[in-house]
>>> print(open('my_file.pdb').read())   # PDB, C-alpha atoms, pLDDT in the B column
ATOM      1  CA  MET P  29     -60.615   3.740 -28.466  1.00 46.00           C
ATOM      2  CA  ALA P  30     -61.559   5.199 -25.150  1.00 76.00           C
ATOM      3  CA  ARG P  31     -58.426   7.083 -24.162  1.00 78.00           C
ATOM      4  CA  VAL P  32     -58.542   6.468 -20.412  1.00 89.00           C
ATOM      5  CA  SER P  33     -59.019   2.722 -20.650  1.00 90.00           C
ATOM      6  CA  LEU P  34     -56.301   2.470 -23.328  1.00 92.00           C
ATOM      7  CA  ILE P  35     -53.896   4.361 -21.071  1.00 94.00           C
ATOM      8  CA  ALA P  36     -54.851   2.164 -18.123  1.00 95.00           C
ATOM      9  CA  ALA P  37     -54.424  -1.109 -20.046  1.00 95.00           C
ATOM     10  CA  SER P  38     -51.190  -0.075 -21.744  1.00 96.00           C
ATOM     11  CA  GLY P  39     -49.693   1.422 -18.597  1.00 97.00           C
ATOM     12  CA  LEU P  40     -50.584  -1.612 -16.520  1.00 98.00           C
ATOM     13  CA  CYS P  41     -49.158  -4.069 -19.037  1.00 98.00           C
ATOM     14  CA  ALA P  42     -46.012  -1.957 -19.577  1.00 98.00           C
ATOM     15  CA  GLY P  43     -45.402  -1.664 -15.856  1.00 98.00           C
ATOM     16  CA  LEU P  44     -45.931  -5.337 -15.095  1.00 98.00           C
ATOM     17  CA  ALA P  45     -43.914  -6.497 -18.116  1.00 98.00           C
ATOM     18  CA  SER P  46     -40.921  -4.346 -17.193  1.00 98.00           C
ATOM     19  CA  LEU P  47     -41.121  -5.526 -13.565  1.00 98.00           C
ATOM     20  CA  ALA P  48     -41.116  -9.127 -14.762  1.00 98.00           C
ATOM     21  CA  ALA P  49     -38.059  -8.458 -16.939  1.00 98.00           C
ATOM     22  CA  LEU P  50     -36.255  -6.855 -13.999  1.00 98.00           C
ATOM     23  CA  ALA P  51     -37.105  -9.768 -11.706  1.00 97.00           C
ATOM     24  CA  VAL P  52     -35.854 -12.291 -14.272  1.00 98.00           C
ATOM     25  CA  ALA P  53     -32.636 -10.295 -14.753  1.00 97.00           C
ATOM     26  CA  ALA P  54     -32.061 -10.202 -11.001  1.00 97.00           C
ATOM     27  CA  GLU P  55     -32.675 -13.910 -10.567  1.00 97.00           C
ATOM     28  CA  ARG P  56     -30.436 -14.688 -13.531  1.00 97.00           C
ATOM     29  CA  ARG P  57     -27.670 -12.932 -11.598  1.00 96.00           C
ATOM     30  CA  ASN P  58     -28.525 -14.815  -8.382  1.00 97.00           C
ATOM     31  CA  ARG P  59     -29.948 -11.688  -6.789  1.00 96.00           C
ATOM     32  CA  SER P  60     -33.269 -11.145  -5.126  1.00 97.00           C
ATOM     33  CA  PRO P  61     -36.042 -10.290  -7.609  1.00 97.00           C
ATOM     34  CA  TRP P  62     -37.161  -7.607  -5.116  1.00 98.00           C
ATOM     35  CA  ARG P  63     -33.972  -5.555  -5.439  1.00 98.00           C
ATOM     36  CA  PRO P  64     -34.820  -3.712  -8.686  1.00 97.00           C
ATOM     37  CA  ILE P  65     -38.282  -2.652  -7.512  1.00 97.00           C
ATOM     38  CA  ASN P  66     -36.910  -1.730  -4.089  1.00 98.00           C
ATOM     39  CA  ALA P  67     -34.248   0.331  -5.860  1.00 98.00           C
ATOM     40  CA  THR P  68     -36.975   2.472  -7.414  1.00 97.00           C
ATOM     41  CA  SER P  69     -37.661   3.830  -3.928  1.00 98.00           C
ATOM     42  CA  HIS P  70     -34.208   5.448  -3.933  1.00 97.00           C
ATOM     43  CA  TRP P  71     -35.766   8.862  -4.494  1.00 96.00           C
ATOM     44  CA  ILE P  72     -36.993   8.641  -0.878  1.00 97.00           C
ATOM     45  CA  HIS P  73     -34.711   6.091   0.813  1.00 96.00           C
ATOM     46  CA  GLY P  74     -31.410   6.766  -0.954  1.00 96.00           C
ATOM     47  CA  PRO P  75     -29.095   4.514  -2.957  1.00 95.00           C
ATOM     48  CA  ARG P  76     -28.995   1.747  -0.339  1.00 96.00           C
ATOM     49  CA  SER P  77     -32.539   0.819  -1.369  1.00 96.00           C
ATOM     50  CA  GLY P  78     -31.009  -1.058  -4.317  1.00 95.00           C
ATOM     51  CA  SER P  79     -29.491  -3.575  -1.935  1.00 95.00           C
ATOM     52  CA  VAL P  80     -32.707  -4.332  -0.028  1.00 96.00           C
ATOM     53  CA  SER P  81     -33.456  -7.972  -0.886  1.00 97.00           C
ATOM     54  CA  ARG P  82     -36.751  -8.523   0.922  1.00 97.00           C
ATOM     55  CA  PRO P  83     -40.164  -7.063   0.217  1.00 97.00           C
ATOM     56  CA  ASP P  84     -41.312  -4.403   2.647  1.00 97.00           C
ATOM     57  CA  LEU P  85     -43.824  -1.612   2.529  1.00 97.00           C
ATOM     58  CA  ALA P  86     -41.277   1.203   2.678  1.00 97.00           C
ATOM     59  CA  HIS P  87     -39.145   0.040  -0.256  1.00 97.00           C
ATOM     60  CA  THR P  88     -41.287  -2.356  -2.267  1.00 97.00           C
ATOM     61  CA  GLY P  89     -44.522  -0.433  -1.763  1.00 97.00           C
ATOM     62  CA  THR P  90     -42.900   2.874  -2.687  1.00 97.00           C
ATOM     63  CA  GLY P  91     -40.930   1.348  -5.565  1.00 98.00           C
ATOM     64  CA  PHE P  92     -43.931  -0.474  -7.005  1.00 98.00           C
ATOM     65  CA  THR P  93     -46.208   2.567  -6.727  1.00 98.00           C
ATOM     66  CA  THR P  94     -43.595   4.866  -8.250  1.00 98.00           C
ATOM     67  CA  HIS P  95     -42.917   2.437 -11.080  1.00 98.00           C
ATOM     68  CA  MET P  96     -46.564   1.891 -11.918  1.00 98.00           C
ATOM     69  CA  LEU P  97     -47.346   5.620 -11.854  1.00 98.00           C
ATOM     70  CA  ALA P  98     -44.418   6.169 -14.226  1.00 97.00           C
ATOM     71  CA  SER P  99     -45.751   3.413 -16.481  1.00 98.00           C
ATOM     72  CA  PHE P 100     -49.153   5.087 -16.648  1.00 97.00           C
ATOM     73  CA  TRP P 101     -47.377   8.385 -17.330  1.00 97.00           C
ATOM     74  CA  TRP P 102     -45.535   6.859 -20.331  1.00 98.00           C
ATOM     75  CA  ALA P 103     -48.812   5.396 -21.583  1.00 97.00           C
ATOM     76  CA  LEU P 104     -49.995   8.998 -22.140  1.00 97.00           C
ATOM     77  CA  PRO P 105     -47.588   9.869 -24.981  1.00 97.00           C
ATOM     78  CA  PHE P 106     -47.973   6.327 -26.313  1.00 97.00           C
ATOM     79  CA  SER P 107     -51.721   6.860 -26.543  1.00 95.00           C
ATOM     80  CA  ALA P 108     -51.194  10.211 -28.260  1.00 94.00           C
ATOM     81  CA  LEU P 109     -48.835   8.634 -30.808  1.00 94.00           C
ATOM     82  CA  ILE P 110     -51.392   5.963 -31.660  1.00 92.00           C
ATOM     83  CA  GLY P 111     -53.920   8.652 -32.415  1.00 82.00           C
ATOM     84  CA  ARG P 112     -57.682   8.538 -32.250  1.00 76.00           C
ATOM     85  CA  SER P 113     -58.263   5.644 -34.629  1.00 70.00           C
ATOM     86  CA  ALA P 114     -60.486   2.885 -33.270  1.00 67.00           C
ATOM     87  CA  ARG P 115     -58.353   0.455 -35.276  1.00 77.00           C
ATOM     88  CA  PRO P 116     -54.720   1.590 -35.320  1.00 83.00           C
ATOM     89  CA  SER P 117     -52.486  -0.349 -37.678  1.00 88.00           C
ATOM     90  CA  PRO P 118     -50.049  -2.825 -36.145  1.00 91.00           C
ATOM     91  CA  SER P 119     -47.125  -0.833 -37.512  1.00 93.00           C
ATOM     92  CA  ARG P 120     -48.470   2.335 -35.895  1.00 94.00           C
ATOM     93  CA  VAL P 121     -48.868   0.596 -32.521  1.00 95.00           C
ATOM     94  CA  VAL P 122     -45.374  -0.924 -32.663  1.00 96.00           C
ATOM     95  CA  ALA P 123     -43.805   2.357 -33.811  1.00 96.00           C
ATOM     96  CA  ALA P 124     -45.585   4.270 -31.041  1.00 97.00           C
ATOM     97  CA  ALA P 125     -44.386   1.732 -28.466  1.00 97.00           C
ATOM     98  CA  ALA P 126     -40.802   1.857 -29.767  1.00 97.00           C
ATOM     99  CA  GLY P 127     -40.798   5.657 -29.805  1.00 97.00           C
ATOM    100  CA  THR P 128     -42.296   5.922 -26.334  1.00 98.00           C
ATOM    101  CA  THR P 129     -39.874   3.380 -24.926  1.00 98.00           C
ATOM    102  CA  ALA P 130     -36.864   5.114 -26.472  1.00 97.00           C
ATOM    103  CA  LEU P 131     -38.074   8.442 -25.106  1.00 98.00           C
ATOM    104  CA  ALA P 132     -38.600   6.915 -21.640  1.00 98.00           C
ATOM    105  CA  ALA P 133     -35.056   5.491 -21.586  1.00 97.00           C
ATOM    106  CA  LEU P 134     -33.600   8.809 -22.768  1.00 97.00           C
ATOM    107  CA  VAL P 135     -35.518  10.806 -20.172  1.00 97.00           C
ATOM    108  CA  ASP P 136     -34.983   8.279 -17.354  1.00 96.00           C
ATOM    109  CA  TYR P 137     -31.245   7.881 -17.791  1.00 95.00           C
ATOM    110  CA  GLY P 138     -30.194  10.902 -19.815  1.00 95.00           C
ATOM    111  CA  LEU P 139     -32.212  13.935 -18.827  1.00 96.00           C
ATOM    112  CA  VAL P 140     -33.586  13.727 -15.296  1.00 94.00           C
ATOM    113  CA  PRO P 141     -31.454  14.177 -12.180  1.00 94.00           C
ATOM    114  CA  LYS P 142     -30.026  10.930 -10.777  1.00 92.00           C
ATOM    115  CA  ARG P 143     -32.423  11.055  -7.827  1.00 91.00           C
ATOM    116  CA  LEU P 144     -35.382  10.821 -10.242  1.00 93.00           C
ATOM    117  CA  THR P 145     -34.142   7.876 -12.319  1.00 95.00           C
ATOM    118  CA  PRO P 146     -35.821   4.469 -11.939  1.00 96.00           C
ATOM    119  CA  GLY P 147     -32.811   3.425  -9.851  1.00 95.00           C
ATOM    120  CA  TRP P 148     -32.532  -0.015 -11.413  1.00 97.00           C
ATOM    121  CA  GLU P 149     -28.790   0.472 -11.897  1.00 96.00           C
ATOM    122  CA  LEU P 150     -28.497   0.304  -8.089  1.00 96.00           C
ATOM    123  CA  ALA P 151     -29.608  -3.341  -8.214  1.00 96.00           C
ATOM    124  CA  LEU P 152     -28.539  -4.542 -11.655  1.00 97.00           C
ATOM    125  CA  PRO P 153     -25.760  -3.897 -14.147  1.00 94.00           C
ATOM    126  CA  LYS P 154     -26.663  -1.291 -16.734  1.00 89.00           C
ATOM    127  CA  SER P 155     -26.538  -3.975 -19.442  1.00 89.00           C
ATOM    128  CA  ASP P 156     -29.691  -5.527 -17.925  1.00 94.00           C
ATOM    129  CA  LEU P 157     -31.722  -2.317 -17.998  1.00 95.00           C
ATOM    130  CA  MET P 158     -32.364  -2.477 -21.746  1.00 95.00           C
ATOM    131  CA  MET P 159     -34.497  -5.581 -21.281  1.00 96.00           C
ATOM    132  CA  ALA P 160     -36.787  -3.677 -18.919  1.00 97.00           C
ATOM    133  CA  TYR P 161     -37.366  -1.071 -21.625  1.00 98.00           C
ATOM    134  CA  VAL P 162     -37.932  -3.723 -24.314  1.00 97.00           C
ATOM    135  CA  ALA P 163     -40.469  -5.370 -22.003  1.00 98.00           C
ATOM    136  CA  MET P 164     -42.094  -1.988 -21.418  1.00 98.00           C
ATOM    137  CA  GLY P 165     -42.559  -1.537 -25.168  1.00 98.00           C
ATOM    138  CA  LEU P 166     -44.011  -5.016 -25.535  1.00 98.00           C
ATOM    139  CA  GLY P 167     -46.322  -4.283 -22.621  1.00 98.00           C
ATOM    140  CA  LEU P 168     -47.576  -1.112 -24.306  1.00 98.00           C
ATOM    141  CA  VAL P 169     -48.406  -3.115 -27.430  1.00 97.00           C
ATOM    142  CA  LEU P 170     -50.014  -5.929 -25.445  1.00 97.00           C
ATOM    143  CA  GLY P 171     -52.102  -3.439 -23.467  1.00 96.00           C
ATOM    144  CA  THR P 172     -53.399  -1.908 -26.683  1.00 94.00           C
ATOM    145  CA  TYR P 173     -54.574  -5.268 -27.984  1.00 91.00           C
ATOM    146  CA  LEU P 174     -56.016  -6.386 -24.660  1.00 92.00           C
ATOM    147  CA  HIS P 175     -57.902  -3.098 -24.489  1.00 90.00           C
ATOM    148  CA  ALA P 176     -59.230  -3.632 -27.996  1.00 86.00           C
ATOM    149  CA  ALA P 177     -60.255  -7.190 -27.176  1.00 85.00           C
ATOM    150  CA  THR P 178     -62.191  -6.139 -24.086  1.00 84.00           C
ATOM    151  CA  ALA P 179     -63.818  -3.309 -26.038  1.00 74.00           C
ATOM    152  CA  GLY P 180     -64.906  -5.758 -28.737  1.00 73.00           C
ATOM    153  CA  THR P 181     -62.811  -4.016 -31.399  1.00 68.00           C
ATOM    154  CA  VAL P 182     -61.186  -6.176 -34.050  1.00 60.00           C
ATOM    155  CA  LEU P 183     -57.744  -4.824 -34.851  1.00 62.00           C
ATOM    156  CA  PRO P 184     -56.155  -5.057 -38.291  1.00 59.00           C
ATOM    157  CA  PHE P 185     -53.912  -8.035 -37.671  1.00 54.00           C
ATOM    158  CA  ASP P 186     -56.629 -10.079 -36.089  1.00 50.00           C
ATOM    159  CA  ASP P 187     -56.921 -12.847 -38.674  1.00 47.00           C
ATOM    160  CA  GLN P 188     -60.572 -13.471 -37.823  1.00 48.00           C
ATOM    161  CA  GLU P 189     -61.480 -10.719 -40.278  1.00 46.00           C
ATOM    162  CA  GLN P 190     -59.906 -12.635 -43.137  1.00 46.00           C
ATOM    163  CA  ARG P 191     -61.449 -16.046 -42.466  1.00 45.00           C
ATOM    164  CA  PRO P 192     -64.275 -17.101 -44.728  1.00 47.00           C
ATOM    165  CA  SER P 193     -67.620 -17.501 -42.977  1.00 45.00           C
TER     166      SER P 193
END
>>> encode(input="my_file.pdb", output="structure tokens")
Amino acid sequence: MARVSLIAASGLCAGLASLAALAVAAERRNRSPWRPINATSHWIHGPRSGSVSRPDLAHTGTGFTTHMLASFWWALPFSALIGRSARPSPSRVVAAAAGTTALAALVDYGLVPKRLTPGWELALPKSDLMMAYVAMGLGLVLGTYLHAATAGTVLPFDDQEQRPS
């Protein structure tokens, strides 16, 4: 697989999937779906960014850009874990996504200074953050298969290979 396009597809899907999970979690708690992405701008605007309920360029633009860049960043080790195979096995893709997601959560909320965390805890209870990471992992997997589909590669669990002609 072409490394750059795999990273782009996986990072994009991971970023958008985790944003969707955060928005759903916020709405489920009767909060604005903009709060979690605005909270990601806390590294510039401080902890009050987690209470900003409306979209604006300063908070939403910064939060979205920061989040998506981080998603592309995490797609790098994911891509490395998949390896260079044009047809990675489904178990390898899922394991790479799970490992990358676990590493991201550990780094984001266990190793980096508080100012460099995603900031989602400023908008949502910590119990909701796990779903964002699960969605990120699913997005990494989805991005891999979308990338393969656009590249015309048939992956191992594509049942078209096993159908009689």
>>> atom_distance(input="my_file.pdb", atom1="atom CA of Met159 of chain P", atom2="atom CA of Leu44 of chain P")
13.0 Å
>>> closest_residue(input="my_file.pdb", among="P:Arg115, P:Leu152, P:Leu104, P:Gly138", to="Arg63 of chain P", atoms="all atoms listed in the file")
P:Leu152
>>> atom_distance(input="my_file.pdb", atom1="atom CA of Trp148 of chain P", atom2="atom CA of Ala130 of chain P")
16.5 Å
>>> residues_around(input="my_file.pdb", residues="segment 90-94 of chain P", least_positions_apart="2", cutoff="9 Å", atoms="all atoms listed in the file", output="PyMOL selection string")
chain P and resi 47+64-70+72+85-88+96-99+146
>>> atom_distance(input="my_file.pdb", atom1="atom CA of Val32 of chain P", atom2="atom CA of Val122 of chain P")
19.4 Å
>>> axis_aligned_box(input="my_file.pdb", around="segment 154-170 of chain P", padding_each_side="8 Å", output="AutoDock Vina command-line options")
--center_x -38.3 --center_y -3.5 --center_z -22.1 --size_x 39.5 --size_y 20.9 --size_z 26.7
>>> residues_around(input="my_file.pdb", residues="Pro141 of chain P", least_positions_apart="6", cutoff="12 Å", atoms="only C-alpha atoms", output="number ranges by chain")
P: 71, 135, 147
>>> resolve_selection(input="my_file.pdb", expression="the PyMOL selection byres ((chain P and resi 133) around 12)", output="list of chain:residue names")
P:Ala98, P:Trp102, P:Ala126, P:Gly127, P:Thr128, P:Thr129, P:Ala130, P:Leu131, P:Ala132, P:Leu134, P:Val135, P:Asp136, P:Tyr137, P:Gly138, P:Leu139, P:Val140, P:Thr145, P:Pro146, P:Trp148, P:Lys154, P:Leu157, P:Met158, P:Met159, P:Ala160, P:Tyr161, P:Val162, P:Met164, P:Gly165
>>> write_last_selection(input="my_file.pdb", atoms="C-alpha atoms", output="PDB file, in the frame of the given file")
ATOM      1  CA  ALA P  98     -44.418   6.169 -14.226  1.00 97.00           C
ATOM      2  CA  TRP P 102     -45.535   6.859 -20.331  1.00 98.00           C
ATOM      3  CA  ALA P 126     -40.802   1.857 -29.767  1.00 97.00           C
ATOM      4  CA  GLY P 127     -40.798   5.657 -29.805  1.00 97.00           C
ATOM      5  CA  THR P 128     -42.296   5.922 -26.334  1.00 98.00           C
ATOM      6  CA  THR P 129     -39.874   3.380 -24.926  1.00 98.00           C
ATOM      7  CA  ALA P 130     -36.864   5.114 -26.472  1.00 97.00           C
ATOM      8  CA  LEU P 131     -38.074   8.442 -25.106  1.00 98.00           C
ATOM      9  CA  ALA P 132     -38.600   6.915 -21.640  1.00 98.00           C
ATOM     10  CA  LEU P 134     -33.600   8.809 -22.768  1.00 97.00           C
ATOM     11  CA  VAL P 135     -35.518  10.806 -20.172  1.00 97.00           C
ATOM     12  CA  ASP P 136     -34.983   8.279 -17.354  1.00 96.00           C
ATOM     13  CA  TYR P 137     -31.245   7.881 -17.791  1.00 95.00           C
ATOM     14  CA  GLY P 138     -30.194  10.902 -19.815  1.00 95.00           C
ATOM     15  CA  LEU P 139     -32.212  13.935 -18.827  1.00 96.00           C
ATOM     16  CA  VAL P 140     -33.586  13.727 -15.296  1.00 94.00           C
ATOM     17  CA  THR P 145     -34.142   7.876 -12.319  1.00 95.00           C
ATOM     18  CA  PRO P 146     -35.821   4.469 -11.939  1.00 96.00           C
ATOM     19  CA  TRP P 148     -32.532  -0.015 -11.413  1.00 97.00           C
ATOM     20  CA  LYS P 154     -26.663  -1.291 -16.734  1.00 89.00           C
ATOM     21  CA  LEU P 157     -31.722  -2.317 -17.998  1.00 95.00           C
ATOM     22  CA  MET P 158     -32.364  -2.477 -21.746  1.00 95.00           C
ATOM     23  CA  MET P 159     -34.497  -5.581 -21.281  1.00 96.00           C
ATOM     24  CA  ALA P 160     -36.787  -3.677 -18.919  1.00 97.00           C
ATOM     25  CA  TYR P 161     -37.366  -1.071 -21.625  1.00 98.00           C
ATOM     26  CA  VAL P 162     -37.932  -3.723 -24.314  1.00 97.00           C
ATOM     27  CA  MET P 164     -42.094  -1.988 -21.418  1.00 98.00           C
ATOM     28  CA  GLY P 165     -42.559  -1.537 -25.168  1.00 98.00           C
TER      29      GLY P 165
END
>>> closest_residue(input="my_file.pdb", among="P:Asn58, P:His175, P:Arg143, P:Ser155", to="Pro75 of chain P", atoms="all atoms listed in the file")
P:Arg143
>>> closest_residue(input="my_file.pdb", among="P:Ala53, P:Ala124, P:Leu166, P:Leu109", to="Leu40 of chain P", atoms="all atoms listed in the file")
P:Leu166
>>> closest_residue(input="my_file.pdb", among="P:Ala163, P:Ser117, P:Lys142, P:Val80", to="Val52 of chain P", atoms="all atoms listed in the file")
P:Ala163
>>> residues_near_point(input="my_file.pdb", point="(-49.9, -2.8, -32.2)", cutoff="7 Å", atoms="only C-alpha atoms", output="list in words")
Ser117, Pro118, Ser119, Arg120, Val121, Val122, Val169, Thr172 and Tyr173 of chain P
>>> build_atoms(input="my_file.pdb", residues="segment 91-105 of chain P", atoms="N, CA and C atoms", output="tab-separated table (two decimals), in the coordinates of the input")
chain	number	residue	atom	x	y	z
P	91	GLY	N	-41.50	1.64	-4.25
P	91	GLY	CA	-40.93	1.35	-5.56
P	91	GLY	C	-41.99	0.91	-6.56
P	92	PHE	N	-42.88	0.01	-6.12
P	92	PHE	CA	-43.93	-0.47	-7.00
P	92	PHE	C	-44.87	0.67	-7.41
P	93	THR	N	-45.29	1.45	-6.44
P	93	THR	CA	-46.21	2.57	-6.73
P	93	THR	C	-45.56	3.57	-7.66
P	94	THR	N	-44.32	3.92	-7.39
P	94	THR	CA	-43.60	4.87	-8.25
P	94	THR	C	-43.47	4.32	-9.66
P	95	HIS	N	-43.09	3.06	-9.76
P	95	HIS	CA	-42.92	2.44	-11.08
P	95	HIS	C	-44.23	2.39	-11.87
P	96	MET	N	-45.29	1.99	-11.21
P	96	MET	CA	-46.56	1.89	-11.92
P	96	MET	C	-47.09	3.27	-12.32
P	97	LEU	N	-46.93	4.26	-11.48
P	97	LEU	CA	-47.35	5.62	-11.85
P	97	LEU	C	-46.54	6.10	-13.06
P	98	ALA	N	-45.24	5.80	-13.07
P	98	ALA	CA	-44.42	6.17	-14.23
P	98	ALA	C	-44.87	5.43	-15.48
P	99	SER	N	-45.27	4.19	-15.33
P	99	SER	CA	-45.75	3.41	-16.48
P	99	SER	C	-47.03	4.01	-17.06
P	100	PHE	N	-47.93	4.43	-16.18
P	100	PHE	CA	-49.15	5.09	-16.65
P	100	PHE	C	-48.80	6.43	-17.30
P	101	TRP	N	-47.83	7.12	-16.74
P	101	TRP	CA	-47.38	8.38	-17.33
P	101	TRP	C	-46.89	8.16	-18.76
P	102	TRP	N	-46.06	7.13	-18.99
P	102	TRP	CA	-45.54	6.86	-20.33
P	102	TRP	C	-46.62	6.34	-21.27
P	103	ALA	N	-47.69	5.81	-20.73
P	103	ALA	CA	-48.81	5.40	-21.58
P	103	ALA	C	-49.53	6.61	-22.19
P	104	LEU	N	-49.37	7.78	-21.58
P	104	LEU	CA	-50.00	9.00	-22.14
P	104	LEU	C	-49.42	9.37	-23.51
P	105	PRO	N	-48.10	9.56	-23.64
P	105	PRO	CA	-47.59	9.87	-24.98
P	105	PRO	C	-47.78	8.71	-25.96
